[in-house]
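To be precise, the following lines are entry-v3.cif, and they hold mmCIF, C-alpha atoms.
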```cif
data_data
loop_
_atom_site.label_atom_id
_atom_site.label_comp_id
_atom_site.auth_asym_id
_atom_site.auth_seq_id
_atom_site.Cartn_x
_atom_site.Cartn_y
_atom_site.Cartn_z
CA MET A 17 -1.22 11.51 -1.00
CA SER A 18 -3.05 13.75 -3.43
CA ARG A 19 -2.17 17.00 -1.68
CA ARG A 20 1.44 16.26 -0.96
CA VAL A 21 4.28 17.03 -3.34
CA LEU A 22 6.21 14.01 -4.51
CA ALA A 23 9.80 14.46 -3.44
CA THR A 24 12.04 11.51 -4.14
CA VAL A 25 15.11 13.53 -3.13
CA ALA A 26 13.60 14.06 0.32
CA VAL A 27 13.05 10.32 0.70
CA ALA A 28 16.76 9.70 1.04
CA ALA A 29 16.87 12.03 4.02
CA LEU A 30 14.09 10.28 5.93
CA PRO A 31 15.37 8.11 8.76
CA LEU A 32 14.65 4.50 7.90
CA SER A 33 12.33 5.48 5.04
CA LEU A 34 12.04 3.20 2.09
CA ALA A 35 12.93 4.78 -1.24
CA ALA A 36 10.55 3.35 -3.82
CA CYS A 37 11.39 2.59 -7.42
CA SER A 38 10.55 0.18 -10.21
CA GLY A 39 8.99 -3.07 -9.13
CA ASN A 40 7.80 -6.25 -10.72
CA GLY A 41 6.33 -5.01 -13.96
CA SER A 42 5.66 -2.12 -16.28
CA ALA A 43 3.14 -1.09 -18.88
CA ASP A 44 5.75 -1.87 -21.54
CA ALA A 45 5.21 -5.55 -20.83
CA ALA A 46 1.71 -5.44 -22.32
CA GLY A 47 1.22 -7.49 -25.42
CA SER A 48 -1.07 -6.84 -28.36
CA ALA A 49 -3.27 -9.93 -28.25
CA SER A 50 -6.86 -9.28 -27.24
CA SER A 51 -7.71 -12.77 -25.94
CA GLY A 52 -6.28 -12.21 -22.48
CA SER A 53 -3.45 -14.67 -23.16
CA SER A 54 0.07 -13.87 -24.29
CA ALA A 55 1.89 -15.49 -27.20
CA ALA A 56 3.38 -17.97 -24.71
CA GLY A 57 -0.12 -18.94 -23.56
CA LYS A 58 0.12 -17.13 -20.25
CA VAL A 59 -2.96 -15.46 -18.79
CA LYS A 60 -2.63 -11.69 -18.87
CA VAL A 61 -3.24 -9.85 -15.62
CA VAL A 62 -3.03 -6.09 -15.11
CA ALA A 63 -2.66 -4.47 -11.69
CA SER A 64 -2.89 -0.81 -10.76
CA THR A 65 0.30 -0.97 -8.65
CA ASN A 66 3.23 -3.33 -8.32
CA VAL A 67 2.15 -4.16 -4.77
CA TRP A 68 -1.06 -5.71 -6.03
CA GLY A 69 0.75 -7.02 -9.10
CA SER A 70 3.03 -9.02 -6.81
CA VAL A 71 0.01 -10.72 -5.23
CA ALA A 72 -1.18 -11.78 -8.68
CA GLU A 73 2.30 -13.07 -9.49
CA ALA A 74 2.46 -15.05 -6.26
CA VAL A 75 -0.78 -16.80 -7.20
CA GLY A 76 -0.24 -17.12 -10.94
CA GLY A 77 3.40 -18.11 -10.95
CA ASP A 78 4.77 -19.05 -14.36
CA HIS A 79 1.29 -19.35 -15.84
CA VAL A 80 0.57 -15.60 -15.86
CA GLU A 81 1.96 -12.43 -17.36
CA VAL A 82 1.43 -9.57 -14.92
CA THR A 83 1.67 -5.92 -15.89
CA SER A 84 1.72 -3.32 -13.09
CA VAL A 85 1.01 0.28 -14.09
CA ILE A 86 2.24 2.19 -11.03
CA ILE A 87 5.84 1.19 -10.30
CA SER A 88 7.46 4.52 -9.44
CA PRO A 89 7.23 7.02 -6.55
CA ALA A 90 6.81 9.73 -9.17
CA GLN A 91 3.39 8.26 -10.01
CA ASP A 92 0.64 8.96 -7.47
CA PRO A 93 -2.03 6.20 -7.60
CA HIS A 94 -4.63 8.74 -6.44
CA ASP A 95 -4.03 11.29 -9.18
CA TYR A 96 -2.48 9.20 -11.94
CA GLU A 97 -3.83 9.95 -15.41
CA ALA A 98 -4.17 6.83 -17.51
CA THR A 99 -2.57 6.76 -20.95
CA ALA A 100 -3.66 5.16 -24.20
CA LYS A 101 -1.13 2.41 -23.51
CA ASP A 102 -2.75 1.76 -20.13
CA LYS A 103 -6.16 1.47 -21.79
CA LEU A 104 -4.74 -1.05 -24.23
CA THR A 105 -3.15 -3.00 -21.40
CA PHE A 106 -6.48 -3.28 -19.60
CA SER A 107 -8.34 -4.20 -22.77
CA ASN A 108 -5.84 -7.02 -23.41
CA ALA A 109 -6.01 -8.40 -19.88
CA LYS A 110 -8.08 -11.32 -18.68
CA ILE A 111 -8.04 -10.12 -15.06
CA ALA A 112 -7.69 -6.58 -13.70
CA LEU A 113 -6.62 -6.15 -10.07
CA VAL A 114 -7.26 -2.75 -8.48
CA ASN A 115 -7.13 -1.37 -4.94
CA GLY A 116 -10.51 0.36 -5.15
CA GLY A 117 -12.10 2.63 -2.57
CA GLY A 118 -11.18 5.77 -4.49
CA TYR A 119 -7.46 4.99 -4.32
CA ASP A 120 -7.06 4.23 -8.02
CA ASP A 121 -10.32 5.20 -9.72
CA TRP A 122 -8.58 5.50 -13.08
CA ALA A 123 -7.82 1.76 -12.94
CA SER A 124 -11.34 0.82 -11.91
CA THR A 125 -12.70 2.88 -14.80
CA LEU A 126 -10.39 1.20 -17.31
CA ALA A 127 -11.26 -2.24 -15.96
CA LYS A 128 -15.00 -1.61 -16.20
CA GLY A 129 -14.52 -0.43 -19.77
CA SER A 130 -12.82 -3.68 -20.72
CA SER A 131 -13.80 -7.34 -20.76
CA ALA A 132 -11.34 -8.14 -17.96
CA THR A 133 -12.64 -9.71 -14.75
CA LEU A 134 -12.39 -7.00 -12.09
CA VAL A 135 -10.84 -7.83 -8.72
CA ASP A 136 -11.43 -4.91 -6.32
CA ALA A 137 -9.41 -5.24 -3.10
CA VAL A 138 -11.53 -2.83 -1.05
CA LYS A 139 -14.74 -4.69 -1.93
CA ILE A 140 -13.08 -8.00 -1.08
CA SER A 141 -11.63 -6.68 2.18
CA GLY A 142 -14.87 -6.69 4.13
CA PHE A 143 -14.23 -3.17 5.42
CA ASN A 144 -17.06 -0.65 5.20
CA SER A 145 -15.75 1.89 2.69
CA SER A 146 -18.83 4.11 3.13
CA VAL A 147 -17.92 5.23 6.64
CA GLU A 148 -16.38 8.65 7.14
CA GLY A 149 -12.62 8.53 7.40
CA PHE A 150 -12.32 5.11 5.72
CA ASN A 151 -8.68 4.19 5.10
CA GLU A 152 -8.44 3.03 1.51
CA HIS A 153 -4.83 1.84 1.81
CA VAL A 154 -5.92 -1.79 2.17
CA PHE A 155 -2.70 -3.09 0.61
CA TYR A 156 -1.22 -2.87 4.11
CA SER A 157 -4.03 -5.08 5.40
CA MET A 158 -2.54 -8.57 5.35
CA ASP A 159 -5.95 -10.21 5.70
CA THR A 160 -7.13 -8.31 2.63
CA ALA A 161 -4.09 -9.42 0.63
CA ARG A 162 -4.85 -13.03 1.55
CA LYS A 163 -8.49 -12.66 0.52
CA VAL A 164 -7.47 -11.03 -2.76
CA ALA A 165 -5.08 -13.90 -3.47
CA GLU A 166 -7.91 -16.40 -2.99
CA VAL A 167 -10.20 -14.50 -5.37
CA VAL A 168 -7.43 -14.17 -7.96
CA ALA A 169 -6.83 -17.93 -7.73
CA THR A 170 -10.51 -18.61 -8.38
CA ASP A 171 -10.66 -16.21 -11.33
CA LEU A 172 -7.44 -17.55 -12.84
CA GLY A 173 -8.81 -21.05 -12.47
CA LYS A 174 -11.86 -20.06 -14.50
CA ALA A 175 -9.73 -18.42 -17.16
CA ASP A 176 -7.21 -21.26 -17.26
CA PRO A 177 -8.82 -24.47 -15.92
CA SER A 178 -5.82 -26.65 -16.77
CA HIS A 179 -3.77 -24.89 -14.09
CA ALA A 180 -6.54 -24.29 -11.55
CA ALA A 181 -4.96 -26.63 -9.03
CA ASP A 182 -1.69 -24.71 -9.22
CA TYR A 183 -3.43 -21.41 -8.59
CA THR A 184 -5.24 -22.80 -5.56
CA LYS A 185 -2.02 -24.26 -4.17
CA ASN A 186 -0.14 -20.99 -4.71
CA ALA A 187 -2.88 -19.00 -2.98
CA GLN A 188 -2.70 -21.36 -0.02
CA SER A 189 1.07 -20.93 0.16
CA PHE A 190 0.60 -17.17 0.04
CA GLY A 191 -1.91 -17.45 2.87
CA SER A 192 0.66 -19.35 4.93
CA GLU A 193 3.17 -16.55 4.38
CA ILE A 194 0.59 -14.02 5.50
CA ALA A 195 -0.07 -15.99 8.69
CA LYS A 196 3.65 -15.89 9.51
CA LEU A 197 3.80 -12.16 8.76
CA LYS A 198 0.86 -11.48 11.06
CA GLU A 199 2.58 -13.38 13.83
CA ARG A 200 5.76 -11.37 13.21
CA ALA A 201 3.79 -8.14 13.39
CA LYS A 202 2.10 -9.20 16.63
CA THR A 203 5.41 -10.22 18.22
CA ALA A 204 7.14 -7.01 17.13
CA GLY A 205 4.36 -4.89 18.57
CA ALA A 206 4.27 -6.86 21.81
CA ALA A 207 7.84 -5.78 22.46
CA HIS A 208 6.56 -2.21 22.77
CA LYS A 209 3.29 -2.49 24.67
CA ASN A 210 0.85 0.42 24.83
CA LEU A 211 2.70 2.24 22.07
CA SER A 212 0.90 5.04 20.24
CA ALA A 213 1.81 6.65 16.93
CA VAL A 214 1.19 9.75 14.86
CA ALA A 215 1.05 9.31 11.09
CA THR A 216 1.26 12.09 8.51
CA GLU A 217 -0.91 9.89 6.25
CA PRO A 218 -2.90 6.72 7.01
CA VAL A 219 -0.86 4.65 4.54
CA ALA A 220 0.24 1.89 6.94
CA GLY A 221 -2.74 2.13 9.30
CA TYR A 222 -3.80 -1.49 8.96
CA LEU A 223 -0.28 -2.73 9.63
CA LEU A 224 -0.01 -0.59 12.75
CA THR A 225 -3.23 -2.20 13.97
CA ASP A 226 -1.82 -5.68 13.34
CA MET A 227 1.24 -4.66 15.35
CA GLY A 228 -0.92 -3.46 18.22
CA ILE A 229 0.22 0.13 17.77
CA LYS A 230 -2.53 2.68 18.44
CA ASN A 231 -2.81 5.50 15.90
CA ILE A 232 -3.65 8.68 17.84
CA THR A 233 -3.34 11.11 14.93
CA PRO A 234 -6.12 13.71 15.39
CA GLU A 235 -9.03 13.13 13.01
CA GLN A 236 -8.95 16.79 12.00
CA PHE A 237 -5.31 16.42 10.95
CA VAL A 238 -6.15 13.43 8.76
CA GLU A 239 -9.12 15.19 7.18
CA GLN A 240 -7.41 18.53 6.62
CA ALA A 241 -4.23 16.90 5.29
CA GLU A 242 -6.25 15.77 2.27
CA THR A 243 -7.26 19.32 1.36
CA ASP A 244 -5.32 21.81 -0.74
CA ALA A 245 -4.98 24.15 2.24
CA GLY A 246 -3.63 21.43 4.50
CA PRO A 247 -3.94 21.26 8.31
CA SER A 248 -4.63 24.47 10.21
CA VAL A 249 -2.01 25.93 12.55
CA LYS A 250 -4.12 24.85 15.53
CA VAL A 251 -4.37 21.25 14.34
CA ILE A 252 -0.67 21.13 13.50
CA ASN A 253 0.18 22.37 16.99
CA GLU A 254 -2.10 19.78 18.59
CA THR A 255 -0.48 17.04 16.54
CA THR A 256 3.03 18.29 17.27
CA GLN A 257 2.31 18.28 21.01
CA LEU A 258 1.49 14.58 20.85
CA LEU A 259 5.11 14.08 19.84
CA THR A 260 6.82 16.65 22.05
CA THR A 261 4.98 15.35 25.13
CA LYS A 262 5.75 11.80 24.01
CA LYS A 263 2.12 10.74 24.12
CA ALA A 264 3.06 9.29 20.73
CA GLY A 265 6.20 7.18 20.72
CA LEU A 266 6.44 6.82 16.95
CA LEU A 267 6.07 9.07 13.90
CA VAL A 268 5.12 7.38 10.64
CA VAL A 269 5.52 9.34 7.41
CA ASN A 270 4.94 8.59 3.76
CA GLY A 271 8.46 7.91 2.53
CA GLN A 272 7.51 8.86 -1.02
CA THR A 273 6.31 12.36 -0.26
CA SER A 274 7.30 15.39 1.76
CA ASP A 275 5.91 18.82 2.60
CA ASP A 276 6.43 21.54 5.20
CA VAL A 277 4.05 19.91 7.69
CA THR A 278 5.85 16.59 7.46
CA LYS A 279 9.22 18.29 7.99
CA LEU A 280 7.86 20.19 10.98
CA LEU A 281 6.62 16.98 12.62
CA GLN A 282 9.88 15.23 11.86
CA ALA A 283 11.82 18.06 13.50
CA ALA A 284 9.59 17.94 16.58
CA ALA A 285 10.01 14.17 16.87
CA LYS A 286 13.79 14.43 16.50
CA LYS A 287 14.06 16.96 19.35
CA VAL A 288 12.55 14.53 21.82
CA ASP A 289 14.05 11.35 20.30
CA VAL A 290 10.76 9.95 19.02
CA PRO A 291 11.54 7.47 16.21
CA ASN A 292 10.66 8.51 12.67
CA VAL A 293 9.84 5.78 10.14
CA GLY A 294 8.98 6.08 6.46
CA VAL A 295 6.59 3.72 4.67
CA THR A 296 5.87 3.47 0.96
CA GLU A 297 2.97 2.77 -1.38
CA THR A 298 5.03 1.03 -4.06
CA PHE A 299 7.99 -1.33 -3.85
CA PRO A 300 11.31 0.04 -2.60
CA GLU A 301 14.42 -0.89 -4.55
CA GLY A 302 15.23 -4.58 -4.26
CA VAL A 303 11.78 -5.63 -3.06
CA THR A 304 10.09 -8.15 -5.33
CA SER A 305 7.27 -9.71 -3.31
CA TYR A 306 4.38 -8.70 -1.10
CA SER A 307 5.75 -10.67 1.84
CA GLN A 308 9.08 -8.88 1.57
CA PHE A 309 7.33 -5.51 1.23
CA VAL A 310 5.34 -5.92 4.45
CA GLY A 311 8.05 -7.86 6.24
CA ASP A 312 10.64 -5.16 5.61
CA THR A 313 8.22 -2.51 6.90
CA ILE A 314 7.74 -4.47 10.12
CA THR A 315 11.52 -4.73 10.43
CA HIS A 316 12.04 -1.01 9.88
CA ILE A 317 9.47 -0.12 12.51
CA SER A 318 10.94 -2.61 14.99
CA GLU A 319 14.49 -1.35 14.43
CA ALA A 320 13.43 2.26 14.84
CA LEU A 321 11.71 1.52 18.14
CA SER A 322 14.66 -0.46 19.43
CA LYS A 323 17.22 2.32 19.04
#
```
Please rewrite the model in this file as structure tokens.
Amino acid sequence: MSRRVLATVAVAALPLSLAACSGNGSADAAGSASSGSSAAGKVKVVASTNVWGSVAEAVGGDHVEVTSVIISPAQDPHDYEATAKDKLTFSNAKIALVNGGGYDDWASTLAKGSSATLVDAVKISGFNSSVEGFNEHVFYSMDTARKVAEVVATDLGKADPSHAADYTKNAQSFGSEIAKLKERAKTAGAAHKNLSAVATEPVAGYLLTDMGIKNITPEQFVEQAETDAGPSVKVINETTQLLTTKKAGLLVVNGQTSDDVTKLLQAAAKKVDVPNVGVTETFPEGVTSYSQFVGDTITHISEALSK
């Protein structure tokens, strides 16, 4: 969302959008020890966002101290500028969990400049990040989250062998939750067969795939949306027509951002009663776990389509 203007006020106006706020951690939680363990003996883990931080917490449980840097919709993971405190947090951590794929380069840079073990979600995902148009928002890929949890369990086990069995067990439990979520997504999508969607940004692309919802957003729209100039009038019109002709039965927007193009597409969708759903890149208020984050998104999409 590098081009788009963050507009938390606009979030409240989005139908079914999820207003994001503070999540499971903050940079203030970082301690001063340099061993990678806190005063209480917990293994220190730093994550670029609270979404990934929650995965580390699910695996580490009471044995880890997780600090998530991005916890607010006012902080864009793409363009965030790391602070001296962030650098200290990474240098104190035993494990650093980042999204990768260009999504949070600042975090990858800090991790590589520290002694922390780097866990890069995009590299773990198995997706080919070198292909044109690669969607780096792998935190909405449930399979990737499961794989990341397994790697985190292994790395925590190496850092803290006495609790290795706990980490493995927790990762397995997380994997079971993911399996249930995938089944929920499949069932929800099956209730609306052959559904296509337009998305202002590819944030929830992997989840739409798991739900069996085809993303028909024009490639030119996706590419041009990432530029300072934004989509051309021609491309905007082509995208709008997908909604007004109801070739797309769902509009997905980034609930943490808004611009004139987004508002135009929302207006077009509203005129023909095409559902409009907002998704987020960090935890909405009240969300404390990855399973809840994805599960609530599935629910919001299902409810929008059922109206």
Task: Best match for closeness to Lys286 of chain A among A:Pro93, A:Lys262, A:Thr216, A:Val71, counting all atoms listed in the file - done: A:Lys262
- [ ] Would you write out, as a VMD selection string, every residue that the PyMOL selection byres ((chain A and resi 130) around 12) captures in this file?
- [x] chain A and resid 50 to 52 62 102 to 112 123 to 129 131 to 134
I need the residue set behind the PyMOL selection byres ((chain A and resi 84-86) around 7) for this file; please write it as a PDB file with C-alpha atoms, keeping the file's coordinate frame.
```
ATOM      1  CA  GLY A  41       6.330  -5.010 -13.960  1.00  0.00           C
ATOM      2  CA  SER A  42       5.660  -2.120 -16.280  1.00  0.00           C
ATOM      3  CA  ALA A  43       3.140  -1.090 -18.880  1.00  0.00           C
ATOM      4  CA  VAL A  62      -3.030  -6.090 -15.110  1.00  0.00           C
ATOM      5  CA  ALA A  63      -2.660  -4.470 -11.690  1.00  0.00           C
ATOM      6  CA  SER A  64      -2.890  -0.810 -10.760  1.00  0.00           C
ATOM      7  CA  THR A  65       0.300  -0.970  -8.650  1.00  0.00           C
ATOM      8  CA  ASN A  66       3.230  -3.330  -8.320  1.00  0.00           C
ATOM      9  CA  GLY A  69       0.750  -7.020  -9.100  1.00  0.00           C
ATOM     10  CA  VAL A  82       1.430  -9.570 -14.920  1.00  0.00           C
ATOM     11  CA  THR A  83       1.670  -5.920 -15.890  1.00  0.00           C
ATOM     12  CA  ILE A  87       5.840   1.190 -10.300  1.00  0.00           C
ATOM     13  CA  SER A  88       7.460   4.520  -9.440  1.00  0.00           C
ATOM     14  CA  GLN A  91       3.390   8.260 -10.010  1.00  0.00           C
ATOM     15  CA  PRO A  93      -2.030   6.200  -7.600  1.00  0.00           C
TER      16      PRO A  93
END
```
Taking only C-alpha atoms into account, produce a table as JSON lines in which each residue of segment 214-290 of chain A with an atom at most 12 Å from an atom of segment 149-163 of chain A appears once, together with its shortest atom pair and the distance in Å to one decimal, ordered by chain and rising number.
```
{"residue": "A:Glu217", "atom": "CA", "partner": "A:Asn151", "partner_atom": "CA", "distance": 9.7}
{"residue": "A:Pro218", "atom": "CA", "partner": "A:Asn151", "partner_atom": "CA", "distance": 6.6}
{"residue": "A:Val219", "atom": "CA", "partner": "A:His153", "partner_atom": "CA", "distance": 5.6}
{"residue": "A:Ala220", "atom": "CA", "partner": "A:Tyr156", "partner_atom": "CA", "distance": 5.7}
{"residue": "A:Gly221", "atom": "CA", "partner": "A:Tyr156", "partner_atom": "CA", "distance": 7.4}
{"residue": "A:Tyr222", "atom": "CA", "partner": "A:Ser157", "partner_atom": "CA", "distance": 5.1}
{"residue": "A:Leu223", "atom": "CA", "partner": "A:Tyr156", "partner_atom": "CA", "distance": 5.6}
{"residue": "A:Leu224", "atom": "CA", "partner": "A:Tyr156", "partner_atom": "CA", "distance": 9.0}
{"residue": "A:Thr225", "atom": "CA", "partner": "A:Ser157", "partner_atom": "CA", "distance": 9.1}
{"residue": "A:Asp226", "atom": "CA", "partner": "A:Ser157", "partner_atom": "CA", "distance": 8.3}
{"residue": "A:Met227", "atom": "CA", "partner": "A:Ser157", "partner_atom": "CA", "distance": 11.3}
{"residue": "A:Pro234", "atom": "CA", "partner": "A:Gly149", "partner_atom": "CA", "distance": 11.5}
{"residue": "A:Glu235", "atom": "CA", "partner": "A:Gly149", "partner_atom": "CA", "distance": 8.1}
{"residue": "A:Gln236", "atom": "CA", "partner": "A:Gly149", "partner_atom": "CA", "distance": 10.1}
{"residue": "A:Phe237", "atom": "CA", "partner": "A:Gly149", "partner_atom": "CA", "distance": 11.3}
{"residue": "A:Val238", "atom": "CA", "partner": "A:Gly149", "partner_atom": "CA", "distance": 8.2}
{"residue": "A:Glu239", "atom": "CA", "partner": "A:Gly149", "partner_atom": "CA", "distance": 7.5}
{"residue": "A:Gln240", "atom": "CA", "partner": "A:Gly149", "partner_atom": "CA", "distance": 11.3}
{"residue": "A:Glu242", "atom": "CA", "partner": "A:Gly149", "partner_atom": "CA", "distance": 10.9}
```
TODO: Measure the distance from atom CA of Leu266 of chain A to atom CA of Glu301 of chain A in Å and round it to one decimal.
DONE: 24.2 Å
Task: Atomic distance atom CA of Leu259 of chain A - atom CA of Ala285 of chain A, expressed in Å with one decimal - done: 5.7 Å
Open item on the list: To one decimal place in Å, what is the distance between atom CA of Asp121 of chain A and atom CA of Trp68 of chain A?
Closed with: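 One can read the atom CA of Asp121 of chain A to atom CA of Trp68 of chain A distance as 14.8 Å.
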Open item on the list: Could you tell me, as a ChimeraX atom specification, exactly which residues end up selected when the PyMOL selection byres ((chain A and resi 136-145) around 6) is applied to this structure?
Closed with: /A:114-117,135,146-147,150,160
- [ ] Pick out the closest residue to Ser248 of chain A from this set: A:Val295, A:Val277, A:Thr170, A:Leu211. Count all atoms listed in the file.
- [x] A:Val277
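Nearest residue to Asn231 of chain A among A:Val293, A:Val59, A:Ala74, A:Ala213 is A:Ala213, counting only C-alpha atoms.
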Given 4 Å of margin on each side, can you work out the centre and size in Å (one decimal) of an axis-aligned box holding every listed atom of segment 58-76 of chain A, as AutoDock Vina command-line options?
```
--center_x 0.0 --center_y -9.0 --center_z -12.5 --size_x 14.5 --size_y 24.3 --size_z 23.5
```
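Every protein or nucleic acid residue with an atom no more than 8 Å from Ala320 of chain A, counting only C-alpha atoms and leaving out same-chain residues fewer than 4 positions away, appears here: Leu32, Pro291, Asn292, Val293 and His316 of chain A.
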Task: Shortest interatomic distance to Tyr306 of chain A - which of A:Gly294, A:Val75, A:Ser318, A:Val67, counting all atoms listed in the file - done: A:Val67
